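Student: Pasting target.txt below, which is compact mmCIF, C-alpha atoms.
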# COMPACT_ATOMS: atom_id res chain seq x y z
CA MET A 1 -56.30 -12.26 50.18
CA ASN A 2 -56.16 -16.01 50.69
CA GLY A 3 -57.37 -16.45 47.09
CA TRP A 4 -54.39 -14.39 45.82
CA LYS A 5 -51.98 -16.53 47.83
CA ASP A 6 -53.65 -19.72 46.64
CA TRP A 7 -53.35 -18.59 42.99
CA ARG A 8 -49.65 -17.76 43.40
CA GLN A 9 -49.06 -21.11 45.09
CA ARG A 10 -50.83 -22.99 42.29
CA LYS A 11 -48.81 -21.07 39.64
CA LYS A 12 -45.56 -21.92 41.44
CA GLY A 13 -46.60 -25.55 41.60
CA LEU A 14 -47.40 -25.65 37.88
CA LEU A 15 -44.04 -24.19 36.96
CA SER A 16 -42.18 -26.64 39.18
CA GLY A 17 -44.45 -29.58 38.30
CA SER A 18 -45.06 -30.42 41.96
CA SER A 19 -48.82 -29.93 41.62
CA LEU A 20 -49.01 -32.27 38.67
CA PRO A 21 -49.70 -35.96 38.99
CA ASP A 22 -46.72 -38.26 38.63
CA ASN A 23 -47.29 -38.90 34.95
CA GLY A 24 -47.67 -35.11 34.35
CA ARG A 25 -44.40 -34.32 36.14
CA LYS A 26 -42.64 -37.01 34.16
CA ARG A 27 -43.97 -35.61 30.87
CA LEU A 28 -42.93 -32.05 31.81
CA PHE A 29 -39.42 -33.28 32.67
CA GLN A 30 -39.17 -35.12 29.35
CA ILE A 31 -40.24 -32.02 27.39
CA THR A 32 -37.75 -29.81 29.25
CA HIS A 33 -34.97 -32.36 28.76
CA LEU A 34 -35.72 -32.60 25.04
CA ASN A 35 -35.70 -28.81 24.69
CA ARG A 36 -32.28 -28.63 26.32
CA ARG A 37 -30.91 -31.38 24.09
CA ALA A 38 -32.30 -29.58 21.03
CA GLU A 39 -30.59 -26.36 22.14
CA LYS A 40 -27.27 -28.17 22.55
CA ILE A 41 -27.58 -29.83 19.14
CA LEU A 42 -28.45 -26.50 17.51
CA THR A 43 -25.46 -24.84 19.20
CA VAL A 44 -23.09 -27.57 18.01
CA LEU A 45 -24.44 -27.40 14.44
CA THR A 46 -24.13 -23.61 14.38
CA GLY A 47 -20.57 -23.79 15.64
CA THR A 48 -19.69 -26.43 13.05
CA VAL A 49 -21.11 -24.37 10.19
CA LEU A 50 -19.26 -21.23 11.31
CA THR A 51 -16.02 -23.21 11.67
CA LEU A 52 -16.38 -24.57 8.12
CA ILE A 53 -16.99 -21.07 6.76
CA CYS A 54 -13.90 -19.73 8.54
CA CYS A 55 -11.80 -22.61 7.21
CA LEU A 56 -12.96 -21.98 3.65
CA LEU A 57 -12.18 -18.27 3.92
CA ALA A 58 -8.76 -19.01 5.42
CA GLU A 59 -7.99 -21.49 2.63
CA ARG A 60 -8.98 -18.97 -0.01
CA TYR A 61 -6.76 -16.31 1.53
CA ALA A 62 -3.86 -18.76 1.77
CA ARG A 63 -4.19 -19.54 -1.93
CA GLY A 64 -4.00 -15.93 -3.06
CA GLY A 65 -5.94 -13.65 -0.74
CA ARG A 66 -6.18 -10.19 -2.18
CA GLU A 67 -4.71 -11.24 -5.52
CA GLU A 68 -7.38 -13.92 -6.06
CA ALA A 69 -10.09 -11.42 -5.18
CA ILE A 70 -8.76 -9.02 -7.80
CA GLN A 71 -8.82 -11.69 -10.49
CA THR A 72 -12.27 -13.08 -9.70
CA LEU A 73 -14.15 -9.78 -9.47
CA GLY A 74 -13.40 -8.95 -13.08
CA ALA A 75 -11.46 -6.26 -14.89
CA ALA A 76 -12.60 -2.71 -15.40
CA GLU A 77 -12.97 -0.97 -18.71
CA ALA A 78 -9.52 -0.06 -19.99
CA GLY A 79 -8.19 3.34 -19.01
CA SER A 80 -4.85 5.09 -18.78
CA VAL A 81 -2.96 6.79 -15.96
CA LEU A 82 0.05 9.07 -16.06
CA VAL A 83 2.28 8.46 -13.03
CA ILE A 84 4.56 11.39 -12.18
CA ASP A 85 7.34 10.69 -9.70
CA TYR A 86 8.85 13.23 -7.31
CA HIS A 87 11.54 12.83 -4.67
CA GLN A 88 12.34 16.00 -2.74
CA VAL A 89 10.20 19.15 -2.85
CA LEU A 90 11.96 21.87 -0.85
CA PRO A 91 11.18 25.50 0.05
CA THR A 92 14.22 27.28 -1.43
CA GLU A 93 16.91 26.94 -4.08
CA GLN A 94 19.50 26.65 -1.30
CA ASP A 95 17.66 23.64 0.11
CA VAL A 96 17.55 22.07 -3.35
CA GLU A 97 21.29 22.57 -3.78
CA ALA A 98 21.89 20.92 -0.40
CA ALA A 99 19.74 17.94 -1.40
CA GLN A 100 21.54 17.62 -4.71
CA ALA A 101 24.88 17.70 -2.92
CA ALA A 102 23.59 14.82 -0.76
CA GLY A 103 22.77 12.80 -3.88
CA GLU A 104 19.12 13.72 -4.55
CA THR A 105 19.59 15.14 -8.05
CA SER A 106 15.87 15.34 -8.87
CA ALA A 107 14.95 17.72 -6.03
CA ILE A 108 12.78 20.69 -7.05
CA THR A 109 11.55 23.85 -5.36
CA LEU A 110 8.15 24.37 -3.80
CA ALA A 111 7.44 27.07 -6.39
CA ALA A 112 7.97 24.56 -9.20
CA PHE A 113 5.69 22.03 -7.49
CA LYS A 114 2.93 24.64 -7.13
CA GLU A 115 3.22 25.38 -10.84
CA ASP A 116 2.90 21.64 -11.57
CA LEU A 117 -0.29 21.34 -9.51
CA ALA A 118 -1.82 24.44 -11.08
CA TRP A 119 -1.03 23.20 -14.58
CA LEU A 120 -2.40 19.71 -13.92
CA MET A 121 -5.63 21.11 -12.55
CA GLU A 122 -5.96 23.40 -15.56
CA GLN A 123 -5.62 20.34 -17.81
CA GLY A 124 -8.49 18.66 -15.98
CA ALA A 125 -6.36 15.91 -14.44
CA GLY A 126 -8.27 13.30 -12.45
CA PHE A 127 -6.02 12.53 -9.49
CA VAL A 128 -5.98 8.93 -8.26
CA LEU A 129 -4.16 6.80 -5.68
CA PRO A 130 -3.05 3.14 -5.88
CA GLY A 131 -6.14 2.00 -3.99
CA GLU A 132 -8.32 3.54 -6.71
CA LEU A 133 -6.40 1.74 -9.44
CA LYS A 134 -6.99 -1.50 -7.56
CA SER A 135 -10.69 -0.70 -7.23
CA ALA A 136 -10.94 0.01 -10.96
CA VAL A 137 -9.31 -3.33 -11.83
CA GLN A 138 -11.74 -5.08 -9.51
CA GLY A 139 -14.59 -3.53 -11.47
CA LEU A 140 -15.80 -1.56 -8.43
CA SER A 141 -15.16 1.85 -10.01
CA THR A 142 -13.94 3.50 -13.20
CA LEU A 143 -10.85 5.58 -13.78
CA PRO A 144 -11.39 9.28 -14.47
CA SER A 145 -10.41 10.61 -17.86
CA LYS A 146 -6.89 12.04 -17.88
CA ALA A 147 -6.08 10.09 -14.71
CA VAL A 148 -2.88 11.22 -12.98
CA MET A 149 -1.04 9.76 -10.00
CA LEU A 150 1.59 11.68 -8.06
CA THR A 151 4.16 9.49 -6.32
CA PHE A 152 6.90 10.57 -3.91
CA THR A 153 9.86 8.23 -3.55
CA GLY A 154 12.20 8.05 -0.57
CA GLY A 155 9.89 8.83 2.34
CA TYR A 156 11.45 12.26 2.88
CA GLU A 157 10.22 14.44 5.73
CA SER A 158 9.73 17.25 3.23
CA PHE A 159 6.58 15.43 2.05
CA TYR A 160 5.07 16.05 5.50
CA THR A 161 6.32 19.62 5.95
CA VAL A 162 6.12 20.93 2.37
CA VAL A 163 4.04 18.73 0.04
CA TRP A 164 1.16 17.66 2.30
CA PRO A 165 0.14 21.25 3.18
CA GLN A 166 0.10 22.07 -0.53
CA LEU A 167 -2.12 19.09 -1.33
CA ARG A 168 -4.58 20.11 1.36
CA GLU A 169 -4.60 23.73 0.24
CA ALA A 170 -5.09 22.75 -3.40
CA ALA A 171 -7.92 20.41 -2.33
CA ARG A 172 -9.67 23.26 -0.53
CA ASN A 173 -9.29 25.56 -3.53
CA GLY A 174 -10.35 22.79 -5.87
CA GLY A 175 -13.47 22.18 -3.80
CA THR A 176 -14.61 25.75 -4.33
CA SER A 177 -13.79 25.85 -8.05
CA GLY A 178 -15.06 22.36 -8.91
CA ALA A 179 -11.64 21.05 -9.97
CA ALA A 180 -10.39 17.62 -8.96
CA SER A 181 -8.52 17.42 -5.68
CA PRO A 182 -4.80 16.52 -5.92
CA LYS A 183 -3.55 13.46 -4.07
CA GLY A 184 -0.16 11.91 -3.43
CA CYS A 185 1.26 8.45 -2.75
CA VAL A 186 4.44 8.46 -0.64
CA GLY A 187 6.77 5.48 -0.43
CA ILE A 188 8.34 4.80 2.96
CA ILE A 189 11.34 2.75 4.09
CA GLY A 190 10.85 0.94 7.40
CA ALA A 191 14.42 1.19 8.67
CA GLU A 192 14.54 4.92 7.89
CA ALA A 193 11.24 5.50 9.68
CA GLU A 194 12.61 3.65 12.71
CA LEU A 195 15.74 5.79 12.72
CA TYR A 196 13.95 9.12 12.44
CA SER A 197 11.38 8.09 15.06
CA GLY A 198 14.19 8.27 17.61
CA SER A 199 16.33 11.12 18.81
CA VAL A 200 18.34 12.00 15.73
CA GLU A 201 19.53 15.25 14.19
CA LYS A 202 17.38 16.36 11.28
CA GLU A 203 18.07 18.41 8.15
CA ILE A 204 15.37 19.36 5.69
CA ALA A 205 17.45 18.21 2.73
CA THR A 206 17.94 14.64 3.97
CA SER A 207 15.56 13.80 6.86
CA ARG A 208 13.02 11.00 6.48
CA LEU A 209 9.50 10.57 7.83
CA SER A 210 8.99 9.26 11.35
CA TRP A 211 6.29 6.71 12.17
CA ASN A 212 4.27 9.39 13.95
CA GLN A 213 4.28 11.56 10.83
CA ILE A 214 3.45 8.54 8.66
CA ARG A 215 0.49 7.72 10.92
CA GLN A 216 -0.88 11.24 10.47
CA LEU A 217 -0.44 11.10 6.71
CA ASP A 218 -2.18 7.72 6.58
CA GLN A 219 -5.30 9.27 8.08
CA SER A 220 -5.50 11.91 5.35
CA ASP A 221 -7.88 11.51 2.41
CA CYS A 222 -5.31 12.96 0.00
CA VAL A 223 -2.43 10.61 0.89
CA GLU A 224 -1.77 6.89 0.51
CA ILE A 225 1.23 5.11 2.00
CA ALA A 226 3.23 2.79 -0.24
CA SER A 227 6.03 0.45 0.81
CA GLN A 228 9.65 0.55 -0.27
CA GLY A 229 10.44 -2.40 1.96
CA TYR A 230 12.07 -2.46 5.36
CA ASP A 231 15.79 -2.14 4.65
CA LEU A 232 16.61 -4.12 1.52
CA CYS A 233 16.42 -1.13 -0.84
CA LEU A 234 19.14 0.66 1.15
CA ASP A 235 21.66 -1.87 -0.21
CA ALA A 236 20.19 -2.38 -3.67
CA GLN A 237 22.20 0.30 -5.42
CA GLU A 238 25.43 -1.11 -4.00
CA TRP A 239 24.65 -4.45 -5.66
CA LEU A 240 24.16 -2.77 -9.03
CA LYS A 241 27.56 -1.05 -9.12
CA PRO A 242 30.13 -2.60 -11.48
CA VAL A 243 32.38 -4.95 -9.56
CA GLU A 244 35.92 -3.72 -9.01
CA PRO A 245 37.85 -6.88 -8.12
CA VAL A 246 40.93 -6.55 -5.95
CA GLY A 247 43.71 -8.85 -4.84
CA ARG A 248 43.64 -12.44 -6.07
CA LEU A 249 40.22 -12.02 -7.72
CA SER A 250 41.56 -9.12 -9.80
CA SER A 251 44.58 -11.16 -10.91
CA LEU A 252 42.34 -14.11 -11.78
CA MET A 253 40.02 -11.93 -13.90
CA ARG A 254 42.98 -10.46 -15.80
CA LEU A 255 44.34 -13.97 -16.34
CA LEU A 256 40.96 -15.07 -17.73
CA GLY A 257 40.74 -11.98 -19.92
CA LEU A 258 37.46 -10.73 -18.41
CA SER A 259 36.53 -7.23 -19.56
CA SER A 260 34.69 -4.36 -17.87
CA GLU A 261 31.54 -5.65 -19.59
CA SER A 262 32.04 -8.93 -17.76
CA LYS A 263 32.24 -6.97 -14.52
CA ARG A 264 28.85 -5.44 -15.24
CA ASP A 265 27.46 -8.91 -15.90
CA ILE A 266 28.63 -9.95 -12.44
CA ALA A 267 26.82 -6.92 -11.01
CA LYS A 268 23.63 -7.97 -12.83
CA GLU A 269 23.88 -11.40 -11.26
CA ASN A 270 23.69 -9.70 -7.89
CA LEU A 271 20.06 -8.92 -8.73
CA LEU A 272 19.37 -12.56 -7.91
CA LEU A 273 20.09 -11.60 -4.31
CA TYR A 274 17.43 -8.90 -4.50
CA ASP A 275 14.85 -11.17 -6.14
CA SER A 276 15.40 -13.84 -3.50
CA ALA A 277 15.16 -11.42 -0.57
CA VAL A 278 12.53 -8.87 -1.64
CA GLY A 279 9.55 -11.04 -0.67
CA LYS A 280 10.80 -11.53 2.89
CA ASP A 281 11.66 -7.83 3.13
CA ALA A 282 8.13 -6.90 2.00
CA LEU A 283 6.62 -9.24 4.61
CA THR A 284 8.77 -7.66 7.33
CA MET A 285 7.59 -4.22 6.28
CA GLY A 286 3.98 -5.40 6.09
CA GLU A 287 4.13 -6.67 9.66
CA LYS A 288 5.56 -3.34 10.81
CA MET A 289 2.80 -1.42 9.02
CA ARG A 290 0.12 -3.63 10.58
CA GLN A 291 1.52 -2.89 14.03
CA ILE A 292 1.53 0.87 13.52
CA LEU A 293 -1.05 1.66 10.81
CA TYR A 294 -3.26 -1.45 11.21
CA HIS A 295 -3.03 -2.28 7.49
CA GLU A 296 -0.49 -3.20 4.83
CA ALA A 297 0.40 -1.33 1.65
CA ASP A 298 -1.18 -2.11 -1.71
CA ALA A 299 1.73 -0.62 -3.67
CA PHE A 300 5.46 -1.32 -3.60
CA PHE A 301 8.14 0.97 -5.07
CA ILE A 302 10.94 -1.13 -6.60
CA PRO A 303 14.44 0.47 -6.54
CA GLU A 304 16.04 1.62 -9.77
CA GLY A 305 17.43 -1.25 -11.80
CA CYS A 306 15.80 -3.97 -9.67
CA GLY A 307 12.58 -4.49 -11.60
CA SER A 308 12.00 -8.00 -12.96
CA ASP A 309 9.34 -10.67 -13.36
CA ALA A 310 10.98 -12.57 -10.50
CA ALA A 311 10.69 -9.56 -8.18
CA ASP A 312 7.03 -9.06 -9.15
CA GLU A 313 6.29 -12.72 -8.47
CA ALA A 314 7.99 -12.60 -5.07
CA LEU A 315 6.05 -9.49 -4.12
CA THR A 316 2.79 -11.05 -5.31
CA GLN A 317 3.43 -14.00 -3.00
CA ALA A 318 3.98 -11.47 -0.20
CA GLY A 319 0.51 -9.99 -0.83
CA ILE A 320 1.51 -6.87 -2.77
CA ALA A 321 -1.20 -5.93 -5.28
CA MET A 322 0.84 -3.59 -7.48
CA THR A 323 4.45 -2.65 -8.15
CA PHE A 324 5.96 0.59 -9.45
CA LEU A 325 9.28 0.86 -11.23
CA ALA A 326 11.68 3.71 -10.47
CA GLY A 327 10.84 6.92 -12.28
CA SER A 328 12.85 7.91 -15.34
CA CYS A 329 12.68 10.72 -17.86
CA ASP A 330 14.12 10.45 -21.36
CA GLY A 331 12.35 13.46 -22.82
CA ALA A 332 8.84 14.63 -23.63
CA LEU A 333 5.98 12.11 -23.81
CA GLU A 334 4.76 11.22 -27.26
CA ASN A 335 2.52 8.16 -26.97
CA GLN A 336 1.31 5.37 -24.69
CA GLU A 337 4.54 3.46 -25.08
CA ASP A 338 6.49 6.10 -23.16
CA GLU A 339 7.37 5.56 -19.51
CA GLY A 340 4.84 7.04 -17.15
CA TRP A 341 1.92 6.57 -19.51
CA ASN A 342 0.24 3.32 -18.38
CA LEU A 343 -2.76 1.41 -19.71
CA ILE A 344 -4.80 -0.06 -16.85
CA SER A 345 -7.05 -2.89 -18.01
CA GLY A 346 -6.62 -5.88 -15.69
CA HIS A 347 -4.68 -7.52 -12.92
CA ASP A 348 -1.46 -7.86 -14.90
CA SER A 349 -1.44 -4.14 -15.70
CA LEU A 350 -0.84 -3.40 -11.99
CA LYS A 351 2.63 -4.95 -12.18
CA SER A 352 5.74 -2.95 -13.12
CA ILE A 353 3.84 0.32 -13.55
CA THR A 354 6.19 2.90 -15.05
CA ARG A 355 6.67 6.41 -13.72
CA LEU A 356 7.75 9.67 -15.31
CA LEU A 357 10.44 11.30 -13.18
CA ARG A 358 9.87 15.01 -12.80
CA PRO A 359 13.28 16.55 -13.63
CA ASN A 360 14.64 19.43 -11.55
CA GLU A 361 14.86 21.67 -14.60
CA GLY A 362 12.17 22.96 -16.93
CA SER A 363 8.45 22.57 -16.36
CA LEU A 364 6.11 19.60 -16.18
CA SER A 365 4.18 20.89 -19.18
CA ASP A 366 7.33 20.54 -21.31
CA ILE A 367 7.36 16.78 -20.89
CA ALA A 368 3.75 15.75 -20.10
CA ALA A 369 1.59 17.88 -22.41
CA ALA A 370 0.99 15.05 -24.91
CA TYR A 371 -0.94 13.03 -22.31
CA PHE A 372 -3.66 15.69 -22.11
CA GLU A 373 -4.06 16.26 -25.85
CA GLU A 374 -7.37 15.19 -27.38
CA PRO A 375 -7.11 11.86 -29.24
Spit out the file's structure as structure tokens when you get a sec.

Tutor:
Amino acid sequence: MNGWKDWRQRKKGLLSGSSLPDNGRKRLFQITHLNRRAEKILTVLTGTVLTLICCLLAERYARGGREEAIQTLGAAEAGSVLVIDYHQVLPTEQDVEAAQAAGETSAITLAAFKEDLAWLMEQGAGFVLPGELKSAVQGLSTLPSKAVMLTFTGGYESFYTVVWPQLREAARNGGTSGAASPKGCVGIIGAEAELYSGSVEKEIATSRLSWNQIRQLDQSDCVEIASQGYDLCLDAQEWLKPVEPVGRLSSLMRLLGLSSESKRDIAKENLLLYDSAVGKDALTMGEKMRQILYHEADAFFIPEGCGSDAADEALTQAGIAMTFLAGSCDGALENQEDEGWNLISGHDSLKSITRLLRPNEGSLSDIAAAYFEEP
């Protein structure tokens, strides 16, 4: 028993250095002191290296962030995408008439939208979202043949109540038949989402998405959220209207002999206001999306008549990877030069992407069949 105690006492003395001679204790202290200094030096060096890495990453992001990454990873093999733009999709003809009376002239019925989806799937459309276009440009993936993107402008609540259930149902049916699953990209307006997140009367023909609904959509595999800015686009169409001078300005214009064409030129100059403000508006919307969705949008829907190189540049500086022009329809597609039919080959091809507006009359096959014809 005494031997066990003696052994424990000797071990304790060795660890503390008390049982060592003076020169032994001094050497043990020096070794321990050196080890601690080495640990401190290693910690400082590690911290310095990590700090330098963080600074380099921050500098790279400040110089271009996502845009620089897109350019340095390389472009994908060229491919095309047909972008079809919808606004309101409503259950009945009466709802469509109400939407048209409120100014949404391109509203269509749910039955027409179902026919569009069925026809696209029969044609073998490969549905994509903006994030997949970005990935293809980065060289991380390839576009499917006959790539099609469905966009929904305006952030209407009908996307949540009418379109989203149809996309999910078509995806389930497509999963059993082997067809590609349809997807949709919906553009939202921050100020409208704020308004309809509160206590406000809603009508199916005019109501917009709330932030709660947007959050649910954002978590869906068949939906991507695009930005239409916070509130700038609500005034954009007012800027584009021909100026109707009154009072002294009207008298001055008559005195100078300015025509109605001159008035339209003045309206065009108002676009400078949009170009100068769109970047800040996009940043405001991006901050709002980060607070609620924890990410920003890759795509930005530019209002009708407001597309320009200056607007694209301002949005690029705000971190927007791609921009879409307002949808238009001037008749049936014939070739790649028609609006809606886009060649995707590199970073620049993600700017000012054109869209084919789905008219509220006729069928989608009447205007888009050429895209699916064999070359």

Student: A:Thr354, A:Ser197, A:Ser210, A:Thr316: which is nearest Ser328 (chain A), counting all atoms listed in the file?

Tutor: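 Result for the nearest residue to Ser328 (chain A): A:Thr354.
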
Student: Rounded to one decimal, what separation in Å do you get between CA of Cys233 (chain A) and CA of Lys202 (chain A)?

Tutor: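 Rounded to one decimal, the two atoms are 21.3 Å apart.
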
Student: Out of A:Tyr160, A:Cys185, A:Ala332, A:Glu169, which residue has the shortest atom-to-atom distance to Gln216 (chain A) when counting all atoms listed in the file?

Tutor: A:Tyr160

Student: Anything within 12 Å of (-3.9, 22.0, -15.6): list those residues as a list in words, counting all atoms listed in the file and sticking to the file's coordinates.

Tutor: Lys114, Glu115, Asp116, Leu117, Ala118, Trp119, Leu120, Met121, Glu122, Gln123, Gly124, Ala125, Gly126, Phe127, Lys146, Val148, Gly174, Ala179, Ala180, Ser181, Pro182, Leu364, Ser365, Ala368, Ala369, Tyr371, Phe372 and Glu373 of chain A

Student: Point out the residue among A:Thr109, A:Thr284, A:Asn173, A:Thr206 with the least atom-to-atom distance to Glu296 (chain A), counting all atoms listed in the file.

Tutor: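 The closest residue to Glu296 (chain A) is A:Thr284.
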
Student: Pick the closest to Gly184 (chain A) from A:Leu357, A:Ala205, A:Val83, A:Ala277: which is it, counting only C-alpha atoms?

Tutor: A:Val83

Student: If we count all atoms listed in the file and set the cut-off at 10 Å, which residues sit around region 99-106 of chain A, ignoring sequence neighbours fewer than 4 positions away in its own chain? Please answer as a PyMOL selection string.

Tutor: chain A and resi 85-90+93-95+154+203-206+357-361

Student: Name the residues in contact with Leu209 (chain A) at a cut-off of 8 Å, using all atoms listed in the file, excluding same-chain residues fewer than 4 positions from it; report them as a list in words.

Tutor: Gly155, Tyr156, Glu157, Tyr160, Ile188, Glu192, Ala193, Tyr196, Ser197, Gln213 and Ile214 of chain A

Student: Restricting the output to C-alpha atoms, write the selected residues as a PDB file, in the frame of the given file.

Tutor:
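selection15.pdb written:
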ATOM      1  CA  GLY A 155       9.890   8.830   2.340  1.00  0.00           C
ATOM      2  CA  TYR A 156      11.450  12.260   2.880  1.00  0.00           C
ATOM      3  CA  GLU A 157      10.220  14.440   5.730  1.00  0.00           C
ATOM      4  CA  TYR A 160       5.070  16.050   5.500  1.00  0.00           C
ATOM      5  CA  ILE A 188       8.340   4.800   2.960  1.00  0.00           C
ATOM      6  CA  GLU A 192      14.540   4.920   7.890  1.00  0.00           C
ATOM      7  CA  ALA A 193      11.240   5.500   9.680  1.00  0.00           C
ATOM      8  CA  TYR A 196      13.950   9.120  12.440  1.00  0.00           C
ATOM      9  CA  SER A 197      11.380   8.090  15.060  1.00  0.00           C
ATOM     10  CA  GLN A 213       4.280  11.560  10.830  1.00  0.00           C
ATOM     11  CA  ILE A 214       3.450   8.540   8.660  1.00  0.00           C
TER      12      ILE A 214
END

Student: Nearest to Cys329 (chain A) among A:His347, A:Arg208, A:Arg355, A:Arg168, with distances taken over all atoms listed in the file: which residue is it?

Tutor: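 So, comparing all the options, the nearest one is A:Arg355.
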
Student: In terms of the shortest atom-to-atom distance over only C-alpha atoms, which of A:Ser145, A:Thr153, A:Gly307, A:Ile292 is closest to Glu374 (chain A)?

Tutor: A:Ser145

Student: Kindly give the distance, in Å, that separates CA of Arg172 (chain A) and CA of Pro91 (chain A), rounded to a single decimal.

Tutor: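 Going from CA of Arg172 (chain A) over to CA of Pro91 (chain A), I get 21.0 Å.
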
Student: Tell me, in Å to one decimal, how far CA of Asp221 (chain A) is from CA of Trp164 (chain A).

Tutor: 10.9 Å

Student: Near Trp341 (chain A), within 7 Å and counting only C-alpha atoms, which residues show up once chain neighbours fewer than 5 positions away are dropped, as a list in words?

Tutor: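 The neighbour list is Ser80, Val81, Leu82, Val83 and Gln336 of chain A.
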
Student: Which protein, DNA or RNA residues have an atom at most 12 Å from (20.2, 0.2, 2.4), counting all atoms listed in the file? List them as a CSV table (one decimal) with C-alpha atoms, in the frame of the given file.

Tutor:
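Final output, selection27.csv:
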chain,number,residue,atom,x,y,z
A,154,GLY,CA,12.2,8.0,-0.6
A,189,ILE,CA,11.3,2.8,4.1
A,190,GLY,CA,10.8,0.9,7.4
A,191,ALA,CA,14.4,1.2,8.7
A,192,GLU,CA,14.5,4.9,7.9
A,228,GLN,CA,9.6,0.6,-0.3
A,229,GLY,CA,10.4,-2.4,2.0
A,230,TYR,CA,12.1,-2.5,5.4
A,231,ASP,CA,15.8,-2.1,4.6
A,232,LEU,CA,16.6,-4.1,1.5
A,233,CYS,CA,16.4,-1.1,-0.8
A,234,LEU,CA,19.1,0.7,1.2
A,235,ASP,CA,21.7,-1.9,-0.2
A,236,ALA,CA,20.2,-2.4,-3.7
A,237,GLN,CA,22.2,0.3,-5.4
A,238,GLU,CA,25.4,-1.1,-4.0
A,239,TRP,CA,24.6,-4.4,-5.7
A,274,TYR,CA,17.4,-8.9,-4.5
A,281,ASP,CA,11.7,-7.8,3.1
A,303,PRO,CA,14.4,0.5,-6.5
